>>> print(open('input-v7.pdb').read())   # PDB, C-alpha atoms and all ligand atoms
ATOM      1  CA  MET A   1      14.524  54.933  15.570
ATOM      2  CA  PRO A   2      18.230  54.041  15.479
ATOM      3  CA  GLY A   3      18.913  50.785  13.707
ATOM      4  CA  ARG A   4      15.655  50.561  11.799
ATOM      5  CA  ARG A   5      17.174  51.538   8.467
ATOM      6  CA  THR A   6      20.492  49.690   8.804
ATOM      7  CA  ALA A   7      19.475  47.408   5.917
ATOM      8  CA  GLU A   8      20.383  50.296   3.596
ATOM      9  CA  ILE A   9      24.016  50.084   4.598
ATOM     10  CA  GLY A  10      26.751  47.933   3.058
ATOM     11  CA  GLN A  11      27.459  44.648   4.770
ATOM     12  CA  LEU A  12      31.046  45.522   5.615
ATOM     13  CA  VAL A  13      30.008  48.612   7.510
ATOM     14  CA  ASN A  14      27.309  46.688   9.328
ATOM     15  CA  ARG A  15      29.751  44.051  10.500
ATOM     16  CA  GLN A  16      32.088  46.675  11.956
ATOM     17  CA  ALA A  17      29.239  48.329  13.825
ATOM     18  CA  VAL A  18      28.062  45.040  15.332
ATOM     19  CA  LYS A  19      31.579  44.184  16.451
ATOM     20  CA  ARG A  20      31.998  47.550  18.126
ATOM     21  CA  THR A  21      28.687  47.213  19.934
ATOM     22  CA  ARG A  22      29.609  43.780  21.261
ATOM     23  CA  THR A  23      33.011  44.823  22.547
ATOM     24  CA  ASP A  24      31.340  47.682  24.374
ATOM     25  CA  GLY A  25      29.616  45.027  26.432
ATOM     26  CA  CYS A  26      25.963  45.989  26.447
ATOM     27  CA  GLY A  27      25.008  45.844  22.780
ATOM     28  CA  THR A  28      22.522  48.696  22.898
ATOM     29  CA  ALA A  29      22.082  51.835  20.851
ATOM     30  CA  GLN A  30      23.519  53.696  23.813
ATOM     31  CA  SER A  31      26.912  52.005  23.472
ATOM     32  CA  GLN A  32      27.061  53.065  19.820
ATOM     33  CA  PHE A  33      26.183  56.581  20.864
ATOM     34  CA  ARG A  34      29.212  56.763  23.184
ATOM     35  CA  THR A  35      31.449  55.837  20.264
ATOM     36  CA  VAL A  36      30.023  58.686  18.221
ATOM     37  CA  VAL A  37      30.498  61.210  21.012
ATOM     38  CA  SER A  38      34.213  60.488  21.379
ATOM     39  CA  TYR A  39      34.620  60.655  17.611
ATOM     40  CA  ASN A  40      33.036  64.100  17.602
ATOM     41  CA  ASP A  41      35.271  65.273  20.433
ATOM     42  CA  PHE A  42      38.219  64.429  18.234
ATOM     43  CA  MET A  43      36.808  66.327  15.261
ATOM     44  CA  ASN A  44      36.254  69.404  17.383
ATOM     45  CA  VAL A  45      40.011  69.854  17.732
ATOM     46  CA  ALA A  46      39.695  72.018  14.604
ATOM     47  CA  GLN A  47      37.982  75.399  15.064
ATOM     48  CA  LEU A  48      36.898  77.893  12.434
ATOM     49  CA  ASP A  49      37.462  81.635  12.693
ATOM     50  CA  ASP A  50      36.910  84.512  10.269
ATOM     51  CA  ARG A  51      40.062  83.711   8.270
ATOM     52  CA  GLY A  52      40.389  79.958   8.248
ATOM     53  CA  ILE A  53      40.531  76.673  10.106
ATOM     54  CA  VAL A  54      42.622  76.653  13.273
ATOM     55  CA  THR A  55      44.085  73.360  14.399
ATOM     56  CA  PRO A  56      46.883  72.347  16.796
ATOM     57  CA  CYS A  57      50.254  71.217  15.400
ATOM     58  CA  PRO A  58      50.614  67.460  16.028
ATOM     59  CA  ALA A  59      54.297  67.979  16.882
ATOM     60  CA  CYS A  60      54.200  70.892  19.365
ATOM     61  CA  GLY A  61      50.551  71.780  20.003
ATOM     62  CA  GLN A  62      50.849  75.314  18.619
ATOM     63  CA  LYS A  63      47.606  76.451  16.952
ATOM     64  CA  ASN A  64      47.992  77.106  13.240
ATOM     65  CA  ARG A  65      45.538  78.465  10.718
ATOM     66  CA  PHE A  66      44.745  77.006   7.288
ATOM     67  CA  LEU A  67      43.368  79.981   5.336
ATOM     68  CA  TYR A  68      40.052  79.260   3.590
ATOM     69  CA  GLU A  69      41.536  80.411   0.290
ATOM     70  CA  ARG A  70      44.524  78.037   0.641
ATOM     71  CA  LEU A  71      43.069  74.807   2.027
ATOM     72  CA  ALA A  72      44.999  72.698  -0.484
ATOM     73  CA  ASP A  73      48.378  73.949   0.779
ATOM     74  CA  THR A  74      50.826  72.360   3.186
ATOM     75  CA  VAL A  75      51.740  75.009   5.767
ATOM     76  CA  ARG A  76      54.600  75.319   8.254
ATOM     77  CA  CYS A  77      53.892  75.366  11.982
ATOM     78  CA  GLY A  78      54.479  78.911  13.252
ATOM     79  CA  LYS A  79      56.417  77.618  16.275
ATOM     80  CA  CYS A  80      58.320  74.405  15.433
ATOM     81  CA  LYS A  81      58.259  74.822  11.612
ATOM     82  CA  ALA A  82      56.996  71.266  11.070
ATOM     83  CA  ALA A  83      55.213  70.790   7.744
ATOM     84  CA  LEU A  84      51.470  70.468   8.345
ATOM     85  CA  ALA A  85      49.655  68.490   5.664
ATOM     86  CA  PRO A  86      46.197  69.640   4.522
ATOM     87  CA  LEU A  87      43.303  68.693   6.807
ATOM     88  CA  ALA A  88      42.499  64.984   6.637
ATOM     89  CA  GLU A  89      39.639  64.639   9.154
ATOM     90  CA  PRO A  90      35.956  65.537   8.985
ATOM     91  CA  ILE A  91      35.277  68.841  10.749
ATOM     92  CA  GLU A  92      32.128  69.378  12.804
ATOM     93  CA  MET A  93      30.474  72.746  12.156
ATOM     94  CA  SER A  94      29.590  74.678  15.301
ATOM     95  CA  SER A  95      27.745  77.633  13.732
ATOM     96  CA  SER A  96      25.975  78.465  10.490
ATOM     97  CA  ALA A  97      28.101  81.619  10.155
ATOM     98  CA  ASP A  98      31.221  79.416  10.100
ATOM     99  CA  PHE A  99      29.596  77.186   7.512
ATOM    100  CA  ASP A 100      28.674  80.117   5.251
ATOM    101  CA  ARG A 101      32.169  81.605   5.405
ATOM    102  CA  LEU A 102      33.801  78.265   4.673
ATOM    103  CA  VAL A 103      31.551  77.451   1.711
ATOM    104  CA  ALA A 104      31.916  80.945   0.231
ATOM    105  CA  ARG A 105      35.705  81.052   0.394
ATOM    106  CA  ALA A 106      37.067  77.493   0.366
ATOM    107  CA  SER A 107      39.637  76.750  -2.326
ATOM    108  CA  VAL A 108      38.583  73.069  -2.459
ATOM    109  CA  PRO A 109      35.143  71.421  -2.796
ATOM    110  CA  ILE A 110      33.301  70.973   0.496
ATOM    111  CA  LEU A 111      31.527  67.693   1.143
ATOM    112  CA  VAL A 112      28.781  68.245   3.710
ATOM    113  CA  ASP A 113      27.291  65.448   5.802
ATOM    114  CA  TYR A 114      23.949  66.457   7.342
ATOM    115  CA  TRP A 115      23.525  64.117  10.290
ATOM    116  CA  ALA A 116      22.177  63.725  13.841
ATOM    117  CA  PRO A 117      23.360  61.582  16.766
ATOM    118  CA  TRP A 118      20.133  59.505  16.948
ATOM    119  CA  CYS A 119      20.320  58.466  13.274
ATOM    120  CA  GLY A 120      21.593  54.894  12.746
ATOM    121  CA  PRO A 121      22.578  55.251   9.073
ATOM    122  CA  CYS A 122      24.465  58.457   9.976
ATOM    123  CA  ARG A 123      26.623  56.475  12.397
ATOM    124  CA  MET A 124      27.272  53.925   9.655
ATOM    125  CA  VAL A 125      28.426  56.545   7.169
ATOM    126  CA  ALA A 126      30.693  58.347   9.670
ATOM    127  CA  PRO A 127      33.700  55.994   9.220
ATOM    128  CA  GLU A 128      33.246  56.167   5.429
ATOM    129  CA  LEU A 129      33.485  59.940   5.621
ATOM    130  CA  LYS A 130      36.680  59.640   7.657
ATOM    131  CA  LYS A 131      38.168  57.549   4.841
ATOM    132  CA  VAL A 132      37.104  60.099   2.236
ATOM    133  CA  ALA A 133      38.563  62.970   4.303
ATOM    134  CA  ALA A 134      41.902  61.151   4.577
ATOM    135  CA  ARG A 135      42.100  60.083   0.921
ATOM    136  CA  ARG A 136      41.005  63.475  -0.418
ATOM    137  CA  ALA A 137      43.086  65.634   1.934
ATOM    138  CA  GLY A 138      44.096  68.809   0.095
ATOM    139  CA  ARG A 139      41.589  68.141  -2.698
ATOM    140  CA  ALA A 140      38.334  68.290  -0.722
ATOM    141  CA  LEU A 141      37.212  69.045   2.818
ATOM    142  CA  VAL A 142      34.639  66.940   4.675
ATOM    143  CA  VAL A 143      32.422  68.817   7.131
ATOM    144  CA  LYS A 144      29.585  67.604   9.319
ATOM    145  CA  VAL A 145      26.412  69.534  10.089
ATOM    146  CA  ASN A 146      24.416  68.201  13.044
ATOM    147  CA  THR A 147      20.889  69.142  11.985
ATOM    148  CA  ASP A 148      19.682  69.044  15.604
ATOM    149  CA  VAL A 149      22.216  71.731  16.546
ATOM    150  CA  LEU A 150      22.231  73.750  13.281
ATOM    151  CA  ALA A 151      18.561  73.296  12.368
ATOM    152  CA  ASP A 152      18.600  76.597  10.453
ATOM    153  CA  LEU A 153      21.068  75.164   7.909
ATOM    154  CA  GLY A 154      19.007  72.021   7.373
ATOM    155  CA  GLU A 155      15.951  74.178   6.792
ATOM    156  CA  ARG A 156      17.663  76.682   4.520
ATOM    157  CA  PHE A 157      19.033  73.943   2.269
ATOM    158  CA  GLY A 158      15.827  71.891   2.383
ATOM    159  CA  VAL A 159      17.375  68.775   3.899
ATOM    160  CA  ARG A 160      14.454  66.331   4.194
ATOM    161  CA  SER A 161      16.216  63.223   5.483
ATOM    162  CA  ILE A 162      19.512  62.281   7.054
ATOM    163  CA  PRO A 163      22.111  61.383   6.247
ATOM    164  CA  THR A 164      22.185  63.701   3.258
ATOM    165  CA  LEU A 165      25.526  64.306   1.547
ATOM    166  CA  ALA A 166      25.984  67.522  -0.445
ATOM    167  CA  ILE A 167      28.920  68.979  -2.332
ATOM    168  CA  PHE A 168      29.581  72.711  -2.497
ATOM    169  CA  ALA A 169      32.057  74.246  -4.926
ATOM    170  CA  ASP A 170      32.684  77.898  -5.783
ATOM    171  CA  GLY A 171      30.194  78.953  -3.119
ATOM    172  CA  ARG A 172      27.215  76.973  -4.341
ATOM    173  CA  GLU A 173      25.756  73.493  -4.002
ATOM    174  CA  VAL A 174      26.687  71.322  -6.988
ATOM    175  CA  THR A 175      25.052  68.022  -6.057
ATOM    176  CA  ARG A 176      23.495  66.080  -3.200
ATOM    177  CA  SER A 177      22.424  62.568  -2.358
ATOM    178  CA  ALA A 178      20.279  61.149   0.446
ATOM    179  CA  GLY A 179      21.214  58.010   2.366
ATOM    180  CA  ALA A 180      24.391  56.318   3.569
ATOM    181  CA  ARG A 181      26.924  55.060   1.052
ATOM    182  CA  PRO A 182      30.448  53.607   1.047
ATOM    183  CA  ALA A 183      33.561  55.773   0.715
ATOM    184  CA  ALA A 184      34.147  54.792  -2.930
ATOM    185  CA  ASP A 185      30.668  56.043  -3.900
ATOM    186  CA  ILE A 186      31.214  59.294  -2.011
ATOM    187  CA  GLU A 187      34.516  59.794  -3.840
ATOM    188  CA  ALA A 188      32.749  59.174  -7.157
ATOM    189  CA  MET A 189      30.292  61.941  -6.202
ATOM    190  CA  LEU A 190      33.248  64.275  -5.660
ATOM    191  CA  GLU A 191      34.736  63.352  -9.047
ATOM    192  CA  GLN A 192      31.457  64.033 -10.829
ATOM    193  CA  ALA A 193      30.981  67.309  -8.977
ATOM    194  CA  SER A 194      34.436  68.514  -9.990
ATOM    195  CA  HIS A 195      33.578  67.886 -13.654
ATOM    196  CA  LYS A 196      30.316  69.793 -13.281
ATOM    197  CA  SER A 197      31.847  72.771 -11.535
ATOM    198  CA  HIS A 198      35.308  72.816 -13.173
ATOM    199  CA  VAL A 199      36.962  73.002  -9.750
TER     200      VAL A 199
HETATM  201 ZN    ZN A 201      54.566  72.826  15.726
END
>>> encode(input="input-v7.pdb", output="structure tokens")
Amino acid sequence: MPGRRTAEIGQLVNRQAVKRTRTDGCGTAQSQFRTVVSYNDFMNVAQLDDRGIVTPCPACGQKNRFLYERLADTVRCGKCKAALAPLAEPIEMSSSADFDRLVARASVPILVDYWAPWCGPCRMVAPELKKVAARRAGRALVVKVNTDVLADLGERFGVRSIPTLAIFADGREVTRSAGARPAADIEAMLEQASHKSHV
């Protein structure tokens, strides 16, 4: 039931969503859904492999790998030698094996957003997560788990409602919280988690 639980969301976020729907012209849940799809296409520019996160250089397009153990580092593009800053966008998980490898080896805390495309509050929290990913680049990594696609992960971690936000550090879950929340609250969760886990 998209939209039914929008009252949970901050007013600012609500206003942005309404504006976007209106400019799309039809004002239905479907128009919001198109927005989400293009956003996900963008996130999928980054791919995980057995050693790290592979993403194209913004300057020359060459694919470069951020090693899981060195996610806080700025690396040099292998082709044009441009400095590539740590990842600053949420990354959509495409397999549970990728997720497990990332969580086990990441050198920074991982903030996980369990979500699904039909969930209204999930769409509201998506732009907040983008802000967190940008502000925390090199200090935390934001990843998204679509619980319709990776249902096994949702089940294994006992995710009962979406959105659920969870923080993993040193290979284990440190904290979680159900429901949408603004970027500042999500950052506060990260701060608290780093005190708990000594990351
Ligand atoms: Zn390059």
>>> axis_aligned_box(input="input-v7.pdb", around="range 142-156 of chain A", padding_each_side="6 Å", output="AutoDock Vina command-line options")
--center_x 25.3 --center_y 71.8 --center_z 10.5 --size_x 30.7 --size_y 21.7 --size_z 24.0
>>> atom_distance(input="input-v7.pdb", atom1="CA of Gly154 in chain A", atom2="CA of Asp100 in chain A")
12.8 Å
>>> residues_around(input="input-v7.pdb", residues="Leu67 in chain A", least_positions_apart="4", cutoff="8 Å", atoms="only C-alpha atoms", output="ChimeraX atom specification")
/A:51-53,71
>>> resolve_selection(input="input-v7.pdb", expression="the PyMOL selection byres (((chain A and resi 183-193) around 6) and not hetatm)", output="list of chain:residue names")
A:Glu128, A:Val132, A:Pro182, A:Ser194, A:His195, A:Lys196
>>> write_last_selection(input="input-v7.pdb", atoms="C-alpha atoms", output="mmCIF file, in the frame of the given file")
data_model
loop_
_atom_site.group_PDB
_atom_site.id
_atom_site.type_symbol
_atom_site.label_atom_id
_atom_site.label_comp_id
_atom_site.auth_asym_id
_atom_site.auth_seq_id
_atom_site.Cartn_x
_atom_site.Cartn_y
_atom_site.Cartn_z
ATOM 1 C CA GLU A 128 33.246 56.167 5.429
ATOM 2 C CA VAL A 132 37.104 60.099 2.236
ATOM 3 C CA PRO A 182 30.448 53.607 1.047
ATOM 4 C CA SER A 194 34.436 68.514 -9.990
ATOM 5 C CA HIS A 195 33.578 67.886 -13.654
ATOM 6 C CA LYS A 196 30.316 69.793 -13.281
#
>>> residues_near_ligand(input="input-v7.pdb", ligand="ligand ZN 201 (chain A)", cutoff="8 Å", atoms="only C-alpha atoms and all ligand atoms", output="PyMOL selection string")
chain A and resi 56-63+76-82
>>> write_last_selection(input="input-v7.pdb", atoms="C-alpha atoms", output="PDB file, in the coordinates of the input")
ATOM      1  CA  PRO A  56      46.883  72.347  16.796  1.00  0.00           C
ATOM      2  CA  CYS A  57      50.254  71.217  15.400  1.00  0.00           C
ATOM      3  CA  PRO A  58      50.614  67.460  16.028  1.00  0.00           C
ATOM      4  CA  ALA A  59      54.297  67.979  16.882  1.00  0.00           C
ATOM      5  CA  CYS A  60      54.200  70.892  19.365  1.00  0.00           C
ATOM      6  CA  GLY A  61      50.551  71.780  20.003  1.00  0.00           C
ATOM      7  CA  GLN A  62      50.849  75.314  18.619  1.00  0.00           C
ATOM      8  CA  LYS A  63      47.606  76.451  16.952  1.00  0.00           C
ATOM      9  CA  ARG A  76      54.600  75.319   8.254  1.00  0.00           C
ATOM     10  CA  CYS A  77      53.892  75.366  11.982  1.00  0.00           C
ATOM     11  CA  GLY A  78      54.479  78.911  13.252  1.00  0.00           C
ATOM     12  CA  LYS A  79      56.417  77.618  16.275  1.00  0.00           C
ATOM     13  CA  CYS A  80      58.320  74.405  15.433  1.00  0.00           C
ATOM     14  CA  LYS A  81      58.259  74.822  11.612  1.00  0.00           C
ATOM     15  CA  ALA A  82      56.996  71.266  11.070  1.00  0.00           C
TER      16      ALA A  82
END
>>> atom_distance(input="input-v7.pdb", atom1="CA of Glu69 in chain A", atom2="CA of Val108 in chain A")
8.4 Å
>>> atom_distance(input="input-v7.pdb", atom1="CA of Ala151 in chain A", atom2="CA of Gly138 in chain A")
28.7 Å
>>> closest_residue(input="input-v7.pdb", among="A:Arg176, A:Lys144, A:Arg105, A:Arg181", to="Val159 in chain A", atoms="only C-alpha atoms")
A:Arg176
>>> closest_residue(input="input-v7.pdb", among="A:Ser95, A:Ala88, A:Gly171, A:Ser177", to="Arg139 in chain A", atoms="all atoms listed in the file")
A:Ala88
>>> resolve_selection(input="input-v7.pdb", expression="the PyMOL selection byres (((chain A and resi 147) around 9) and not hetatm)", output="mmCIF file with C-alpha atoms, in the frame of the given file")
data_model
loop_
_atom_site.group_PDB
_atom_site.id
_atom_site.type_symbol
_atom_site.label_atom_id
_atom_site.label_comp_id
_atom_site.auth_asym_id
_atom_site.auth_seq_id
_atom_site.Cartn_x
_atom_site.Cartn_y
_atom_site.Cartn_z
ATOM 1 C CA TYR A 114 23.949 66.457 7.342
ATOM 2 C CA TRP A 115 23.525 64.117 10.290
ATOM 3 C CA ALA A 116 22.177 63.725 13.841
ATOM 4 C CA VAL A 145 26.412 69.534 10.089
ATOM 5 C CA ASN A 146 24.416 68.201 13.044
ATOM 6 C CA ASP A 148 19.682 69.044 15.604
ATOM 7 C CA VAL A 149 22.216 71.731 16.546
ATOM 8 C CA LEU A 150 22.231 73.750 13.281
ATOM 9 C CA ALA A 151 18.561 73.296 12.368
ATOM 10 C CA ASP A 152 18.600 76.597 10.453
ATOM 11 C CA LEU A 153 21.068 75.164 7.909
ATOM 12 C CA GLY A 154 19.007 72.021 7.373
ATOM 13 C CA GLU A 155 15.951 74.178 6.792
ATOM 14 C CA VAL A 159 17.375 68.775 3.899
ATOM 15 C CA ILE A 162 19.512 62.281 7.054
#
>>> closest_residue(input="input-v7.pdb", among="A:Ala180, A:Ala106, A:Ala126, A:Val45", to="Ala72 in chain A", atoms="only C-alpha atoms")
A:Ala106
>>> resolve_selection(input="input-v7.pdb", expression="the PyMOL selection byres (((chain A and resi 112) around 8) and not hetatm)", output="JSON, numbers by chain")
{"A": [110, 111, 113, 114, 142, 143, 144, 145, 165, 166, 167, 168]}
>>> residues_around(input="input-v7.pdb", residues="Ala46 in chain A", least_positions_apart="4", cutoff="10 Å", atoms="all atoms listed in the file", output="list in words")
Asp41, Phe42, Ile53, Val54, Thr55, Pro56, Lys63, Asn64, Arg65, Leu87, Glu89, Pro90, Ile91, Glu92 and Met93 of chain A
>>> closest_residue(input="input-v7.pdb", among="A:Asp73, A:Ala178, A:Pro121, A:Glu173", to="Arg160 in chain A", atoms="all atoms listed in the file")
A:Ala178
>>> closest_residue(input="input-v7.pdb", among="A:Thr164, A:Met124, A:Arg70, A:Gly179", to="Pro109 in chain A", atoms="all atoms listed in the file")
A:Arg70
>>> decode(input="input-v7.pdb", residues="range 84-172 of chain A", atoms="C-alpha atoms", output="PDB file, in the first residue's frame")
ATOM      1  CA  LEU A  84      39.131   8.818  -7.041  1.00  0.00           C
ATOM      2  CA  ALA A  85      37.492   9.809  -3.765  1.00  0.00           C
ATOM      3  CA  PRO A  86      35.896   7.106  -1.591  1.00  0.00           C
ATOM      4  CA  LEU A  87      32.432   5.952  -2.668  1.00  0.00           C
ATOM      5  CA  ALA A  88      29.768   8.568  -1.967  1.00  0.00           C
ATOM      6  CA  GLU A  89      26.598   6.907  -3.317  1.00  0.00           C
ATOM      7  CA  PRO A  90      24.374   4.148  -1.958  1.00  0.00           C
ATOM      8  CA  ILE A  91      25.172   0.814  -3.612  1.00  0.00           C
ATOM      9  CA  GLU A  92      22.433  -1.665  -4.494  1.00  0.00           C
ATOM     10  CA  MET A  93      23.304  -5.252  -3.560  1.00  0.00           C
ATOM     11  CA  SER A  94      22.724  -7.770  -6.340  1.00  0.00           C
ATOM     12  CA  SER A  95      23.511 -10.995  -4.449  1.00  0.00           C
ATOM     13  CA  SER A  96      23.686 -12.203  -0.864  1.00  0.00           C
ATOM     14  CA  ALA A  97      27.197 -13.559  -1.508  1.00  0.00           C
ATOM     15  CA  ASP A  98      28.324 -10.012  -2.370  1.00  0.00           C
ATOM     16  CA  PHE A  99      26.657  -8.722   0.772  1.00  0.00           C
ATOM     17  CA  ASP A 100      28.353 -11.317   2.996  1.00  0.00           C
ATOM     18  CA  ARG A 101      31.796 -10.617   1.544  1.00  0.00           C
ATOM     19  CA  LEU A 102      31.367  -6.870   1.908  1.00  0.00           C
ATOM     20  CA  VAL A 103      30.152  -7.036   5.513  1.00  0.00           C
ATOM     21  CA  ALA A 104      32.891  -9.486   6.523  1.00  0.00           C
ATOM     22  CA  ARG A 105      35.769  -7.492   5.061  1.00  0.00           C
ATOM     23  CA  ALA A 106      34.785  -3.815   4.875  1.00  0.00           C
ATOM     24  CA  SER A 107      37.173  -1.398   6.566  1.00  0.00           C
ATOM     25  CA  VAL A 108      34.325   1.051   7.316  1.00  0.00           C
ATOM     26  CA  PRO A 109      30.891   0.538   8.932  1.00  0.00           C
ATOM     27  CA  ILE A 110      28.183  -0.584   6.514  1.00  0.00           C
ATOM     28  CA  LEU A 111      24.767   1.028   6.753  1.00  0.00           C
ATOM     29  CA  VAL A 112      22.176  -1.313   5.253  1.00  0.00           C
ATOM     30  CA  ASP A 113      18.786  -0.144   4.006  1.00  0.00           C
ATOM     31  CA  TYR A 114      16.334  -3.045   3.640  1.00  0.00           C
ATOM     32  CA  TRP A 115      13.735  -1.780   1.193  1.00  0.00           C
ATOM     33  CA  ALA A 116      11.351  -2.708  -1.641  1.00  0.00           C
ATOM     34  CA  PRO A 117      10.088  -0.708  -4.633  1.00  0.00           C
ATOM     35  CA  TRP A 118       6.405  -0.825  -3.545  1.00  0.00           C
ATOM     36  CA  CYS A 119       7.136   0.650  -0.095  1.00  0.00           C
ATOM     37  CA  GLY A 120       6.238   4.357   0.218  1.00  0.00           C
ATOM     38  CA  PRO A 121       8.367   5.130   3.293  1.00  0.00           C
ATOM     39  CA  CYS A 122      11.329   3.425   1.570  1.00  0.00           C
ATOM     40  CA  ARG A 123      11.057   5.906  -1.296  1.00  0.00           C
ATOM     41  CA  MET A 124      10.979   8.743   1.231  1.00  0.00           C
ATOM     42  CA  VAL A 125      14.143   7.588   2.975  1.00  0.00           C
ATOM     43  CA  ALA A 126      16.080   7.018  -0.276  1.00  0.00           C
ATOM     44  CA  PRO A 127      17.163  10.681  -0.718  1.00  0.00           C
ATOM     45  CA  GLU A 128      18.136  10.821   2.976  1.00  0.00           C
ATOM     46  CA  LEU A 129      20.401   7.836   2.442  1.00  0.00           C
ATOM     47  CA  LYS A 130      21.995   9.570  -0.540  1.00  0.00           C
ATOM     48  CA  LYS A 131      22.838  12.507   1.736  1.00  0.00           C
ATOM     49  CA  VAL A 132      24.319  10.194   4.358  1.00  0.00           C
ATOM     50  CA  ALA A 133      26.392   8.361   1.716  1.00  0.00           C
ATOM     51  CA  ALA A 134      27.798  11.668   0.442  1.00  0.00           C
ATOM     52  CA  ARG A 135      28.515  13.169   3.874  1.00  0.00           C
ATOM     53  CA  ARG A 136      30.045   9.969   5.261  1.00  0.00           C
ATOM     54  CA  ALA A 137      32.093   9.025   2.189  1.00  0.00           C
ATOM     55  CA  GLY A 138      35.255   7.244   3.336  1.00  0.00           C
ATOM     56  CA  ARG A 139      33.874   6.793   6.861  1.00  0.00           C
ATOM     57  CA  ALA A 140      30.859   4.583   6.118  1.00  0.00           C
ATOM     58  CA  LEU A 141      29.302   2.842   3.135  1.00  0.00           C
ATOM     59  CA  VAL A 142      25.560   2.875   2.430  1.00  0.00           C
ATOM     60  CA  VAL A 143      24.160  -0.241   0.758  1.00  0.00           C
ATOM     61  CA  LYS A 144      20.619  -1.132  -0.229  1.00  0.00           C
ATOM     62  CA  VAL A 145      19.067  -4.586   0.001  1.00  0.00           C
ATOM     63  CA  ASN A 146      15.848  -5.019  -1.985  1.00  0.00           C
ATOM     64  CA  THR A 147      14.053  -7.600   0.151  1.00  0.00           C
ATOM     65  CA  ASP A 148      11.920  -8.701  -2.816  1.00  0.00           C
ATOM     66  CA  VAL A 149      15.064  -9.628  -4.761  1.00  0.00           C
ATOM     67  CA  LEU A 150      17.273 -10.813  -1.854  1.00  0.00           C
ATOM     68  CA  ALA A 151      14.529 -12.351   0.294  1.00  0.00           C
ATOM     69  CA  ASP A 152      17.052 -14.764   1.837  1.00  0.00           C
ATOM     70  CA  LEU A 153      18.923 -11.860   3.474  1.00  0.00           C
ATOM     71  CA  GLY A 154      15.748 -10.354   4.910  1.00  0.00           C
ATOM     72  CA  GLU A 155      14.846 -13.738   6.349  1.00  0.00           C
ATOM     73  CA  ARG A 156      18.297 -14.517   7.709  1.00  0.00           C
ATOM     74  CA  PHE A 157      18.500 -11.195   9.543  1.00  0.00           C
ATOM     75  CA  GLY A 158      14.869 -11.311  10.684  1.00  0.00           C
ATOM     76  CA  VAL A 159      13.782  -8.111   8.957  1.00  0.00           C
ATOM     77  CA  ARG A 160      10.085  -7.774   9.859  1.00  0.00           C
ATOM     78  CA  SER A 161       9.237  -4.430   8.269  1.00  0.00           C
ATOM     79  CA  ILE A 162      10.692  -2.048   5.733  1.00  0.00           C
ATOM     80  CA  PRO A 163      12.408   0.246   5.661  1.00  0.00           C
ATOM     81  CA  THR A 164      14.744  -1.190   8.268  1.00  0.00           C
ATOM     82  CA  LEU A 165      18.167   0.411   8.679  1.00  0.00           C
ATOM     83  CA  ALA A 166      20.982  -1.688  10.156  1.00  0.00           C
ATOM     84  CA  ILE A 167      24.640  -0.985  10.811  1.00  0.00           C
ATOM     85  CA  PHE A 168      27.317  -3.652  10.470  1.00  0.00           C
ATOM     86  CA  ALA A 169      30.845  -3.191  11.784  1.00  0.00           C
ATOM     87  CA  ASP A 170      33.673  -5.714  12.109  1.00  0.00           C
ATOM     88  CA  GLY A 171      31.531  -8.338  10.394  1.00  0.00           C
ATOM     89  CA  ARG A 172      28.543  -8.199  12.704  1.00  0.00           C
TER      90      ARG A 172
END
